[in-house]
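Notes follow once the structure below has been shown.
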Amino acid sequence: MKVKVSVDQDLCTACALCYDELPEVYEDAGDGIAKVKDDIGGDGAIIEGELAERALEITEECPSGALITEVVEE
């Protein structure tokens, strides 16, 4: 599976769930607000395999709904 990941920084409440649980994909932008790591392609990056599955799970857990994870290939 492949997914496209992004963060709506206007909705993010800086709870740190995503970058604590999935630091391979998300990081603190410097003010607690999450962002997709630049070294994997930044906002809109495509990830696959176990990371993709974990990103979908974290998206469901995000309390603010700021994480956007779109399946691009099953």
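In the structure tokens, chains take the letters A, B, ... in the order shown, each chain's residues start at 1, and ligands count up from 1 in the order shown.
Excluding Cys15 in chain A itself and any same-chain residue fewer than 5 positions from it, the protein and nucleic acid residues within 10 Å of it, counting only C-alpha atoms, are A:Asp20, A:Gly32, A:Ile33, A:Ala34, A:Cys62, A:Pro63, A:Ser64.
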When you look at Leu11 in chain A with a cut-off of 9 Å (counting only C-alpha atoms), what residues show up, excluding the ones that are within fewer than 6 positions of it in the same chain? I need them as a compact mmCIF listing (two decimals) with C-alpha atoms, in the first residue's frame.
```
# COMPACT_ATOMS: atom_id res chain seq x y z
CA SER A 64 -7.56 17.64 15.88
CA GLY A 65 -8.01 15.95 12.51
CA ALA A 66 -4.91 17.73 11.19
CA LEU A 67 -3.31 14.65 9.64
```
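Considering the residues A:Glu50, A:Val5, A:Asp43, A:Ile68 and counting only C-alpha atoms, Ala29 in chain A has its shortest atom-to-atom contact with A:Asp43.
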Which residue, A:Gly30, A:Asp39, A:Gly44, A:Lys4, has the smallest gap to Ala16 in chain A when you use only C-alpha atoms? A:Gly30
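With distances restricted to only C-alpha atoms, A:Asp28 is the closest residue to Ala14 in chain A from A:Val36, A:Asp28, A:Gly42, A:Glu57.
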Using the chain letters and numbers from this document, which residues of range 19-60 of chain A does DSSP assign to strand (DSSP E), as number ranges by chain? A: 26-28, 34-36, 45-48
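For the choices A:Thr69, A:Ser6, A:Thr13, A:Thr59, the atom-to-atom distance to Asp38 in chain A is smallest for A:Ser6 when using only C-alpha atoms.
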In chain A, DSSP alpha helix (DSSP H) residues written as an NGL selection string: :A and (17-21 or 49-61)
If you keep C-alpha atoms, can you produce a file of those selected residues as a tab-separated table (two decimals), in the first residue's frame?
```tsv
chain	number	residue	atom	x	y	z
A	17	LEU	CA	0.97	12.31	18.94
A	18	CYS	CA	2.13	11.93	15.34
A	19	TYR	CA	5.81	12.72	15.75
A	20	ASP	CA	6.01	10.79	19.03
A	21	GLU	CA	4.38	7.70	17.48
A	49	GLY	CA	4.44	-0.53	3.49
A	50	GLU	CA	4.40	-0.58	7.28
A	51	LEU	CA	4.93	3.19	7.49
A	52	ALA	CA	1.83	3.72	5.36
A	53	GLU	CA	-0.24	1.43	7.57
A	54	ARG	CA	0.99	3.17	10.71
A	55	ALA	CA	0.27	6.60	9.18
A	56	LEU	CA	-3.34	5.56	8.55
A	57	GLU	CA	-3.67	4.46	12.19
A	58	ILE	CA	-2.14	7.69	13.54
A	59	THR	CA	-4.44	9.74	11.28
A	60	GLU	CA	-7.45	8.08	12.93
A	61	GLU	CA	-6.03	8.86	16.39
```
